[in-house]
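Colleague: This is start_7.cif, which holds mmCIF, C-alpha atoms and all ligand atoms:
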data_query
#
loop_
_atom_site.label_atom_id
_atom_site.label_comp_id
_atom_site.auth_asym_id
_atom_site.auth_seq_id
_atom_site.Cartn_x
_atom_site.Cartn_y
_atom_site.Cartn_z
CA MET A 1 16.43 -4.48 169.82
CA THR A 2 14.52 -1.32 170.42
CA ASN A 3 15.84 1.95 169.09
CA VAL A 4 16.26 4.56 171.77
CA LEU A 5 15.92 7.93 170.06
CA LEU A 6 18.13 10.63 171.57
CA ASN A 7 17.43 13.03 168.70
CA PRO A 8 15.15 16.00 169.44
CA GLY A 9 12.06 14.42 167.95
CA PRO A 10 10.42 12.46 166.53
CA ALA A 11 10.72 10.94 169.98
CA ASN A 12 10.14 7.41 171.21
CA THR A 13 6.47 6.54 171.52
CA THR A 14 4.73 3.90 173.61
CA LEU A 15 3.37 0.72 172.05
CA ASN A 16 -0.17 2.01 172.64
CA VAL A 17 0.53 5.17 170.64
CA LYS A 18 1.99 3.12 167.78
CA LEU A 19 -0.96 0.71 167.81
CA ALA A 20 -3.50 3.54 167.90
CA GLN A 21 -2.68 4.12 164.22
CA VAL A 22 -4.12 0.76 163.22
CA VAL A 23 -7.78 1.61 162.72
CA GLU A 24 -10.56 0.86 160.26
CA ASP A 25 -10.25 2.98 157.12
CA ILE A 26 -12.33 6.12 157.54
CA CYS A 27 -13.16 9.13 155.40
CA PRO A 28 -11.83 12.13 157.36
CA ARG A 29 -14.81 14.22 156.23
CA GLU A 30 -17.18 11.96 158.21
CA ARG A 31 -18.63 13.52 161.33
CA GLU A 32 -17.14 10.88 163.64
CA PHE A 33 -13.65 11.86 162.52
CA GLY A 34 -14.53 15.52 163.14
CA VAL A 35 -15.41 14.52 166.70
CA THR A 36 -12.01 12.86 167.07
CA MET A 37 -10.23 15.96 165.76
CA GLU A 38 -12.19 18.15 168.14
CA GLU A 39 -11.25 15.92 171.07
CA VAL A 40 -7.61 16.18 170.00
CA SER A 41 -7.81 20.00 169.70
CA ASN A 42 -9.44 20.32 173.11
CA GLY A 43 -6.94 17.91 174.61
CA LEU A 44 -3.97 19.89 173.29
CA VAL A 45 -5.38 23.07 174.82
CA GLU A 46 -5.68 21.41 178.25
CA PHE A 47 -1.90 21.50 178.74
CA VAL A 48 -1.81 25.28 178.37
CA GLN A 49 -2.69 27.59 181.26
CA GLY A 50 -4.39 31.00 181.19
CA GLY A 51 -6.10 32.54 178.20
CA VAL A 52 -9.75 33.13 177.34
CA ASN A 53 -11.67 30.87 174.95
CA LYS A 54 -8.41 29.29 173.83
CA LYS A 55 -8.32 27.03 170.79
CA ALA A 56 -5.87 24.79 168.95
CA VAL A 57 -5.72 25.05 165.17
CA LEU A 58 -4.40 21.84 163.61
CA PHE A 59 -2.50 21.37 160.36
CA GLY A 60 -1.19 18.30 158.62
CA GLY A 61 2.54 18.96 158.36
CA SER A 62 5.68 19.24 160.44
CA GLY A 63 6.31 21.92 163.06
CA THR A 64 7.82 24.42 160.65
CA LEU A 65 4.53 24.51 158.77
CA ALA A 66 2.72 25.80 161.86
CA VAL A 67 5.47 28.38 162.48
CA GLU A 68 5.13 29.57 158.89
CA SER A 69 1.35 29.64 159.19
CA ALA A 70 1.51 31.66 162.40
CA LEU A 71 4.09 34.25 161.29
CA SER A 72 2.57 34.79 157.84
CA SER A 73 -1.01 34.93 159.13
CA ILE A 74 -0.47 37.09 162.21
CA VAL A 75 1.89 39.77 160.92
CA GLY A 76 0.08 42.05 158.48
CA ALA A 77 1.39 44.68 156.05
CA ASN A 78 1.12 47.46 158.66
CA ASP A 79 2.68 45.44 161.48
CA LYS A 80 6.24 45.17 162.71
CA LEU A 81 7.75 41.92 163.92
CA ALA A 82 10.82 41.57 166.14
CA ILE A 83 12.49 38.16 166.00
CA ILE A 84 14.71 37.22 168.92
CA THR A 85 17.29 34.83 167.50
CA ASN A 86 19.66 32.70 169.54
CA GLY A 87 19.77 29.52 167.53
CA ALA A 88 19.00 27.83 164.23
CA TYR A 89 15.25 27.87 164.82
CA GLY A 90 15.27 31.63 165.34
CA LYS A 91 17.19 31.83 162.05
CA ARG A 92 14.45 29.74 160.47
CA MET A 93 11.86 32.28 161.65
CA GLU A 94 13.94 34.95 159.90
CA GLU A 95 13.86 32.88 156.69
CA ILE A 96 10.08 32.59 156.97
CA ALA A 97 9.71 36.33 157.58
CA LYS A 98 11.88 36.98 154.52
CA ALA A 99 9.96 34.52 152.34
CA HIS A 100 6.69 36.25 153.21
CA SER A 101 8.17 39.78 152.91
CA LEU A 102 7.21 40.63 156.49
CA ASN A 103 8.34 43.89 158.04
CA PHE A 104 10.81 42.57 160.64
CA VAL A 105 13.87 43.34 162.73
CA VAL A 106 16.17 40.86 164.48
CA PHE A 107 17.67 40.82 167.96
CA GLN A 108 20.66 38.55 167.51
CA SER A 109 22.08 36.91 170.61
CA SER A 110 24.67 34.25 171.47
CA PHE A 111 23.72 30.65 170.62
CA LEU A 112 25.18 29.40 173.92
CA GLU A 113 24.75 32.21 176.46
CA PRO A 114 21.47 33.28 178.10
CA LEU A 115 19.59 36.25 176.66
CA ASP A 116 20.42 39.55 178.31
CA PHE A 117 16.92 40.86 178.98
CA ASP A 118 18.13 44.41 179.64
CA ASP A 119 19.48 44.47 176.09
CA VAL A 120 16.30 42.83 174.80
CA ALA A 121 14.19 45.48 176.56
CA ASP A 122 16.31 48.33 175.15
CA PHE A 123 16.07 46.88 171.66
CA LEU A 124 12.30 46.46 171.84
CA GLN A 125 11.81 49.92 173.35
CA LYS A 126 13.73 51.38 170.45
CA GLU A 127 12.10 49.30 167.70
CA GLN A 128 8.51 49.32 169.04
CA PRO A 129 7.34 46.16 167.24
CA ASN A 130 3.76 45.03 167.77
CA PHE A 131 4.72 41.34 167.53
CA ILE A 132 7.69 39.53 169.04
CA ALA A 133 8.69 36.05 167.89
CA ILE A 134 10.89 33.82 170.03
CA ILE A 135 11.87 30.18 170.46
CA HIS A 136 11.09 29.00 173.98
CA SER A 137 13.42 25.99 174.11
CA GLU A 138 16.14 26.48 171.49
CA THR A 139 16.71 22.98 170.21
CA THR A 140 19.99 24.12 168.64
CA SER A 141 21.71 24.29 172.02
CA GLY A 142 19.24 23.57 174.81
CA LEU A 143 18.97 27.21 175.90
CA LEU A 144 15.65 27.96 177.57
CA ASN A 145 14.47 31.49 176.87
CA ASP A 146 12.53 32.97 179.77
CA LEU A 147 9.03 33.76 178.50
CA HIS A 148 7.96 35.14 181.85
CA THR A 149 10.49 37.99 181.70
CA LEU A 150 9.90 38.60 178.00
CA SER A 151 6.16 38.82 178.62
CA LYS A 152 6.64 41.71 181.08
CA ILE A 153 8.75 43.59 178.55
CA ALA A 154 6.24 42.90 175.77
CA LYS A 155 3.32 44.18 177.86
CA ASN A 156 5.17 47.47 178.44
CA ILE A 157 5.27 48.15 174.73
CA ASP A 158 1.90 46.54 174.02
CA ALA A 159 3.36 43.84 171.79
CA LYS A 160 2.10 40.29 171.38
CA ILE A 161 4.37 37.26 171.65
CA ILE A 162 4.48 34.45 169.10
CA ALA A 163 6.32 31.59 170.79
CA ASP A 164 7.75 28.54 169.03
CA CYS A 165 7.27 26.07 171.86
CA MET A 166 8.03 23.05 169.73
CA SER A 167 10.44 21.50 172.21
CA SER A 168 8.90 22.85 175.43
CA TYR A 169 5.17 22.20 174.97
CA ALA A 170 3.90 19.10 176.80
CA CYS A 171 6.75 19.31 179.31
CA TYR A 172 6.87 22.93 180.54
CA PRO A 173 3.72 24.71 181.73
CA LEU A 174 2.92 27.42 179.17
CA ASN A 175 0.56 30.29 179.78
CA LEU A 176 -1.54 32.26 177.31
CA ASP A 177 -1.59 35.18 179.74
CA GLU A 178 2.17 35.45 179.12
CA VAL A 179 2.43 34.62 175.42
CA ASP A 180 -0.25 35.09 172.78
CA PHE A 181 0.49 32.28 170.33
CA ILE A 182 1.97 28.89 171.20
CA ILE A 183 3.25 26.71 168.35
CA ALA A 184 4.08 23.00 168.68
CA SER A 185 3.91 19.64 166.93
CA SER A 186 2.90 16.04 167.47
CA ASN A 187 6.30 14.39 167.52
CA LYS A 188 8.20 15.95 170.42
CA ASN A 189 7.31 15.98 174.12
CA ILE A 190 3.70 15.02 173.48
CA GLN A 191 5.19 11.67 172.39
CA ALA A 192 3.02 11.02 169.34
CA ILE A 193 3.76 10.35 165.66
CA ALA A 194 5.11 13.01 163.27
CA GLY A 195 2.63 14.73 160.95
CA VAL A 196 0.48 17.19 162.91
CA SER A 197 1.45 20.70 163.93
CA PHE A 198 -0.68 23.27 165.70
CA VAL A 199 -1.08 26.81 166.97
CA ILE A 200 -2.79 27.47 170.32
CA ALA A 201 -4.20 30.94 171.02
CA ASN A 202 -7.26 32.78 172.27
CA GLU A 203 -9.99 32.68 169.65
CA ASP A 204 -10.01 36.47 169.18
CA ASN A 205 -6.30 36.38 168.31
CA ILE A 206 -6.85 33.52 165.82
CA LEU A 207 -9.67 35.43 164.15
CA LYS A 208 -7.29 38.32 163.46
CA ALA A 209 -4.65 36.05 161.91
CA SER A 210 -5.75 36.18 158.30
CA HIS A 211 -2.84 37.98 156.60
CA SER A 212 -1.12 34.99 155.01
CA LYS A 213 -0.74 35.18 151.25
CA SER A 214 -0.58 31.39 151.28
CA LEU A 215 -3.87 29.58 150.75
CA TYR A 216 -2.85 26.54 152.79
CA LEU A 217 -1.23 28.35 155.72
CA ASN A 218 -4.01 30.81 156.52
CA LEU A 219 -4.54 30.35 160.26
CA LYS A 220 -7.92 32.02 160.49
CA ALA A 221 -9.26 30.14 157.45
CA GLN A 222 -8.06 26.82 158.87
CA TYR A 223 -9.79 27.56 162.17
CA GLU A 224 -13.05 28.83 160.71
CA TYR A 225 -13.37 26.00 158.23
CA PHE A 226 -13.05 23.43 160.99
CA LYS A 227 -15.55 25.30 163.14
CA ALA A 228 -18.10 25.50 160.33
CA HIS A 229 -17.66 22.05 158.77
CA PHE A 230 -16.08 19.89 161.46
CA GLN A 231 -13.42 18.94 158.91
CA MET A 232 -9.88 20.01 158.21
CA ARG A 233 -9.75 22.13 155.04
CA PHE A 234 -7.40 19.69 153.33
CA THR A 235 -6.77 15.99 153.97
CA PRO A 236 -5.51 15.44 157.53
CA PRO A 237 -3.00 12.70 158.43
CA VAL A 238 -5.78 10.42 159.67
CA GLN A 239 -3.78 7.75 161.49
CA THR A 240 -1.49 10.35 163.07
CA ILE A 241 -4.55 12.02 164.62
CA TYR A 242 -5.54 8.74 166.30
CA ALA A 243 -2.03 8.30 167.65
CA LEU A 244 -2.08 11.88 168.92
CA LYS A 245 -5.36 11.27 170.73
CA THR A 246 -3.81 8.31 172.56
CA ALA A 247 -0.67 10.33 173.34
CA ILE A 248 -2.86 13.06 174.88
CA ASP A 249 -4.56 10.42 177.07
CA GLU A 250 -1.15 9.21 178.16
CA LEU A 251 0.03 12.71 179.04
CA ARG A 252 -3.16 13.25 181.04
CA ALA A 253 -2.44 10.03 182.91
CA GLU A 254 1.22 10.88 183.54
CA GLY A 255 0.44 14.54 184.32
CA LEU A 256 2.31 17.51 182.85
CA ASN A 257 4.19 18.04 186.09
CA MET A 258 5.35 14.43 186.28
CA ARG A 259 6.41 14.47 182.64
CA PHE A 260 8.55 17.50 183.43
CA GLU A 261 9.97 15.72 186.47
CA ARG A 262 10.79 12.59 184.42
CA TYR A 263 12.53 14.62 181.72
CA LYS A 264 14.35 16.64 184.36
CA ALA A 265 15.59 13.52 186.15
CA ASN A 266 16.73 12.04 182.81
CA ASN A 267 18.43 15.31 181.89
CA THR A 268 20.25 15.58 185.22
CA LEU A 269 21.41 11.97 185.03
CA LEU A 270 22.61 12.56 181.48
CA ARG A 271 24.46 15.81 182.24
CA GLU A 272 26.14 14.37 185.33
CA GLY A 273 27.10 11.21 183.44
CA LEU A 274 28.54 13.14 180.49
CA LYS A 275 30.57 15.33 182.82
CA SER A 276 31.97 12.36 184.68
CA LEU A 277 33.03 10.86 181.33
CA GLY A 278 35.00 14.06 180.72
CA PHE A 279 32.77 15.70 178.13
CA GLU A 280 32.25 19.44 178.05
CA ILE A 281 28.53 20.22 177.89
CA PHE A 282 26.49 23.28 176.95
CA PRO A 283 24.72 25.52 177.69
CA LYS A 284 26.36 26.22 181.01
CA ARG A 285 23.51 28.47 182.18
CA SER A 286 19.79 28.83 181.37
CA PHE A 287 19.49 25.32 180.03
CA GLY A 288 16.21 23.46 180.00
CA VAL A 289 15.57 19.78 180.68
CA ILE A 290 15.19 18.77 177.03
CA ILE A 291 18.44 18.90 175.14
CA THR A 292 22.17 19.03 175.80
CA ALA A 293 24.92 20.09 173.40
CA ILE A 294 28.24 18.30 173.86
CA THR A 295 31.67 19.18 172.48
CA LEU A 296 33.23 16.35 170.48
CA PRO A 297 36.77 15.87 171.80
CA ASN A 298 39.42 16.60 169.17
CA ASN A 299 40.09 13.05 168.12
CA MET A 300 36.48 11.87 168.14
CA SER A 301 34.48 11.69 164.90
CA PHE A 302 30.73 12.15 165.03
CA GLU A 303 30.27 9.52 162.33
CA SER A 304 32.01 6.75 164.22
CA LEU A 305 30.44 7.76 167.53
CA HIS A 306 27.03 7.73 165.83
CA THR A 307 27.65 4.29 164.33
CA HIS A 308 28.87 2.87 167.64
CA CYS A 309 25.85 4.19 169.53
CA LYS A 310 23.44 3.14 166.78
CA ASN A 311 24.85 -0.39 166.81
CA HIS A 312 24.01 -0.51 170.50
CA GLY A 313 20.47 0.83 170.05
CA TYR A 314 20.95 4.55 170.65
CA THR A 315 20.47 7.26 168.00
CA ILE A 316 22.45 10.43 168.71
CA TYR A 317 22.16 13.70 166.81
CA PRO A 318 24.69 16.02 165.15
CA GLY A 319 25.40 19.55 166.37
CA LYS A 320 23.82 22.54 164.67
CA ILE A 321 26.09 25.46 165.52
CA ASP A 322 28.39 26.57 162.70
CA GLY A 323 32.07 26.28 163.53
CA LEU A 324 31.58 24.22 166.69
CA ASN A 325 32.24 20.49 166.65
CA MET A 326 29.38 19.21 168.77
CA PHE A 327 26.75 16.54 169.02
CA ARG A 328 23.40 16.72 170.77
CA ILE A 329 21.35 14.49 173.02
CA ALA A 330 17.65 15.01 173.60
CA ASN A 331 16.22 13.14 176.55
CA ILE A 332 12.59 13.39 175.45
CA GLY A 333 10.06 10.71 174.61
CA ALA A 334 8.94 7.51 176.26
CA ILE A 335 12.31 6.72 177.81
CA THR A 336 13.40 6.01 181.37
CA GLN A 337 16.47 6.47 183.53
CA ASN A 338 17.56 2.95 182.60
CA GLU A 339 17.88 3.95 179.00
CA ILE A 340 19.95 7.01 179.92
CA ARG A 341 22.18 4.80 182.06
CA GLY A 342 22.47 2.31 179.19
CA PHE A 343 23.47 5.11 176.83
CA LEU A 344 26.15 6.42 179.19
CA GLU A 345 27.55 2.89 179.40
CA VAL A 346 27.65 2.63 175.59
CA LEU A 347 29.37 6.02 175.43
CA ARG A 348 31.92 4.94 178.05
CA ASN A 349 32.81 1.88 175.97
CA PHE A 350 33.40 3.86 172.78
CA GLU A 351 36.97 3.42 171.54
CA LYS A 352 38.04 6.32 169.41
C1 LIG A 401 11.51 20.58 165.92
C2 LIG A 401 11.46 22.02 165.95
C3 LIG A 401 10.77 22.75 164.95
C4 LIG A 401 10.05 22.11 163.80
O1 LIG A 401 10.82 21.28 162.99
P1 LIG A 401 10.09 20.34 161.93
O2 LIG A 401 11.23 19.56 161.36
O3 LIG A 401 9.42 21.19 160.93
O4 LIG A 401 9.10 19.51 162.69
C5 LIG A 401 10.68 24.12 165.09
N1 LIG A 401 11.23 24.75 166.14
C6 LIG A 401 11.90 24.09 167.11
C7 LIG A 401 12.46 24.87 168.26
C8 LIG A 401 12.03 22.71 167.04
O5 LIG A 401 12.69 22.07 168.02
#
Show me the file's structure as structure tokens.
Ligand SMILES: *Cc1c(COP(=O)(O)O)cnc(C)c1O

Modeller:
Amino acid sequence: MTNVLLNPGPANTTLNVKLAQVVEDICPREREFGVTMEEVSNGLVEFVQGGVNKKAVLFGGSGTLAVESALSSIVGANDKLAIITNGAYGKRMEEIAKAHSLNFVVFQSSFLEPLDFDDVADFLQKEQPNFIAIIHSETTSGLLNDLHTLSKIAKNIDAKIIADCMSSYACYPLNLDEVDFIIASSNKNIQAIAGVSFVIANEDNILKASHSKSLYLNLKAQYEYFKAHFQMRFTPPVQTIYALKTAIDELRAEGLNMRFERYKANNTLLREGLKSLGFEIFPKRSFGVIITAITLPNNMSFESLHTHCKNHGYTIYPGKIDGLNMFRIANIGAITQNEIRGFLEVLRNFEK
């Protein structure tokens, strides 16, 4: 029985993506592997609009590594960072900023209600940061933070935006004329294997991102080393890169717009189905097409619901908001409406 993953990544992959990992052993410092990595970098950039001379800088490591690389490399000792937090991943950015002793302030907003951009604008006017960090699709709840509106506010105060687009990239169109740094990873909407994370930005912005006190996480160094040597500085996850290359081909074939439409149709089907089963779902406004947070009814235990679903081939995910008894469903990955329908059927048959 196949496992349908309804967790927010790693997502289900196609058989071709899985098989792409089975290759002849190769030394990743050989030129031919450099060519493959360059094709992957260029491919990742293709799904981003706008920008000038835009590049993707790859790292071996999960998404958080690229977020930590970006924040620590971009924000220098004389800079000021504003973090807009409305979920656990915003909180994680705060932890990173603290760990690297960055000069930062936090705009704290509700984990379930849309950002109030008038308040955001007032806060940023007052604080005058030169960098703003935000999560585009907050995986904690499913809130989608409007980058278009934020970008207008940021331009007014001449600040650059660092956007964690982990769970929006490869589904939503993103634009480097609106945000300055886009961060994502291989195992979410791009539908590849876990192990690669990356930062996409205009080259001139990457070349300024050299402030990290970490050797490994230095964004500029990682970029320049690849440019000069056609190799990653440190050992890349070789097989994961091949899988990612195939996943990029598959996204090209499906088309970014059609991937969005497929996720949206799955999300709508899911939300409607959950509601008709009597579940209360969040967020109620400003939600994206990626993830849905669902209140666990009083007498329902996550553990037994998880076991029931798992036994029928569906992996559900726990909630992540303190004090709220919720579970989450992500409708990303190589899944179809049939699988969503199958899941709703399994959910309907659950006996508390
Ligand atoms: C998945 C995710 C990350 C990265 O998590 P890792 O476990 O390090 O891959 C970061 N931000 C958001 C919004 C995410 O959804």

Colleague: Give the centre and edge lengths of an axis-aligned box, in Å to one decimal, that holds all listed atoms of ligand LIG 401 (chain A) with 8 Å on each side, as AutoDock Vina command-line options.

Modeller:
--center_x 10.9 --center_y 22.2 --center_z 164.6 --size_x 19.6 --size_y 21.4 --size_z 23.3

Colleague: At a cut-off of 6 Å and counting only C-alpha atoms and all ligand atoms, what residues surround ligand LIG 401 (chain A)? Please answer as number ranges by chain.

Modeller: A: 62-64, 89, 135, 138-139, 164, 166-167

Colleague: From the options A:Gly333, A:Lys80, A:Lys55, A:Leu115, which residue's atoms come nearest to Asp204 of chain A, counting only C-alpha atoms?

Modeller: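 Of all the options, A:Lys55 lies closest to Asp204 of chain A.
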
Colleague: Which residues of segment 179-201 of chain A have any atom within 12 Å of an atom in segment 73-77 of chain A when counting all atoms listed in the file, and what is the closest pair of atoms for each, with the distance in Å to one decimal? Order the rows by chain and rising number and write it as a tab-separated table.

Modeller:
residue	atom	partner	partner_atom	distance
A:Asp180	CA	A:Ile74	CA	10.8
A:Phe181	CA	A:Ile74	CA	9.5
A:Val199	CA	A:Ser73	CA	11.3
A:Ala201	CA	A:Ile74	CA	11.4

Colleague: In Å, how far is it from atom CA of Ile153 of chain A to atom CA of Pro173 of chain A?

Modeller: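 Computing it gives 19.8 Å between the two atoms.
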
Colleague: Between A:Ser212, A:Phe117, A:Pro236, A:Val22, which one has atoms that come closest to Val67 of chain A, using only C-alpha atoms?

Modeller: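 Closest to Val67 of chain A of all the choices is A:Ser212.
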
Colleague: Distance atom CA of Leu296 of chain A-atom CA of Leu5 of chain A, one decimal place?

Modeller: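 The value is 19.3 Å.
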
Colleague: Please compute the atom CA of Pro318 of chain A-atom CA of Asn7 of chain A distance, one decimal, in Å.

Modeller: 8.6 Å

Colleague: Between A:Asn325, A:Ile190, A:Ala265, A:Val346, which has the minimum distance to Thr13 of chain A (counting only C-alpha atoms)?

Modeller: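 Looking at the shortest contact to Thr13 of chain A, the residue is A:Ile190.
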
Colleague: Which of these residues is nearest to Ser72 of chain A, using all atoms listed in the file: A:Ile162, A:Ile193, A:Asn42, A:Val4?

Modeller: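 Ranking A:Ile162, A:Ile193, A:Asn42, A:Val4 by distance to Ser72 of chain A, first place goes to A:Ile162.
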
Colleague: Hey, what's within 7 Å of Leu256 of chain A if we count only C-alpha atoms and toss same-chain stuff fewer than 3 positions away? As an MDAnalysis selection string, please?

Modeller: chainID A and resid 170:171 251 259:260

Colleague: Next, dump the selected residues to file, keeping only C-alpha atoms, as a tab-separated table (two decimals), in the coordinates of the input.

Modeller:
chain	number	residue	atom	x	y	z
A	170	ALA	CA	3.90	19.10	176.80
A	171	CYS	CA	6.75	19.31	179.31
A	251	LEU	CA	0.03	12.71	179.04
A	259	ARG	CA	6.41	14.47	182.64
A	260	PHE	CA	8.55	17.50	183.43

Colleague: Could you add N, CA and C atoms to segment 262-279 of chain A and give me the result as a short mmCIF file (atom, residue, chain, number, x, y, z; two decimals), in the frame of the given file?

Modeller:
data_model
loop_
_atom_site.label_atom_id
_atom_site.label_comp_id
_atom_site.auth_asym_id
_atom_site.auth_seq_id
_atom_site.Cartn_x
_atom_site.Cartn_y
_atom_site.Cartn_z
N ARG A 262 10.09 13.74 185.05
CA ARG A 262 10.79 12.59 184.42
C ARG A 262 11.87 13.09 183.47
N TYR A 263 11.53 14.08 182.65
CA TYR A 263 12.53 14.62 181.72
C TYR A 263 13.69 15.26 182.50
N LYS A 264 13.33 15.96 183.57
CA LYS A 264 14.35 16.64 184.36
C LYS A 264 15.32 15.63 184.99
N ALA A 265 14.74 14.55 185.53
CA ALA A 265 15.59 13.52 186.15
C ALA A 265 16.49 12.88 185.08
N ASN A 266 15.93 12.62 183.90
CA ASN A 266 16.73 12.04 182.81
C ASN A 266 17.83 13.01 182.38
N ASN A 267 17.48 14.29 182.32
CA ASN A 267 18.43 15.31 181.89
C ASN A 267 19.57 15.45 182.89
N THR A 268 19.23 15.45 184.17
CA THR A 268 20.25 15.58 185.22
C THR A 268 21.19 14.39 185.20
N LEU A 269 20.61 13.20 185.09
CA LEU A 269 21.41 11.97 185.03
C LEU A 269 22.36 12.03 183.83
N LEU A 270 21.82 12.47 182.70
CA LEU A 270 22.61 12.56 181.48
C LEU A 270 23.76 13.56 181.64
N ARG A 271 23.44 14.77 182.11
CA ARG A 271 24.46 15.81 182.24
C ARG A 271 25.57 15.39 183.20
N GLU A 272 25.14 14.81 184.34
CA GLU A 272 26.14 14.37 185.33
C GLU A 272 27.02 13.26 184.74
N GLY A 273 26.37 12.33 184.04
CA GLY A 273 27.10 11.21 183.44
C GLY A 273 28.09 11.69 182.39
N LEU A 274 27.65 12.62 181.55
CA LEU A 274 28.54 13.14 180.49
C LEU A 274 29.74 13.83 181.11
N LYS A 275 29.47 14.61 182.16
CA LYS A 275 30.57 15.33 182.82
C LYS A 275 31.57 14.34 183.41
N SER A 276 31.04 13.29 184.03
CA SER A 276 31.97 12.36 184.68
C SER A 276 32.75 11.56 183.63
N LEU A 277 32.25 11.50 182.40
CA LEU A 277 33.03 10.86 181.33
C LEU A 277 34.01 11.85 180.70
N GLY A 278 34.02 13.08 181.19
CA GLY A 278 35.00 14.06 180.72
C GLY A 278 34.53 14.93 179.57
N PHE A 279 33.27 14.86 179.22
CA PHE A 279 32.77 15.70 178.13
C PHE A 279 32.46 17.11 178.63
#
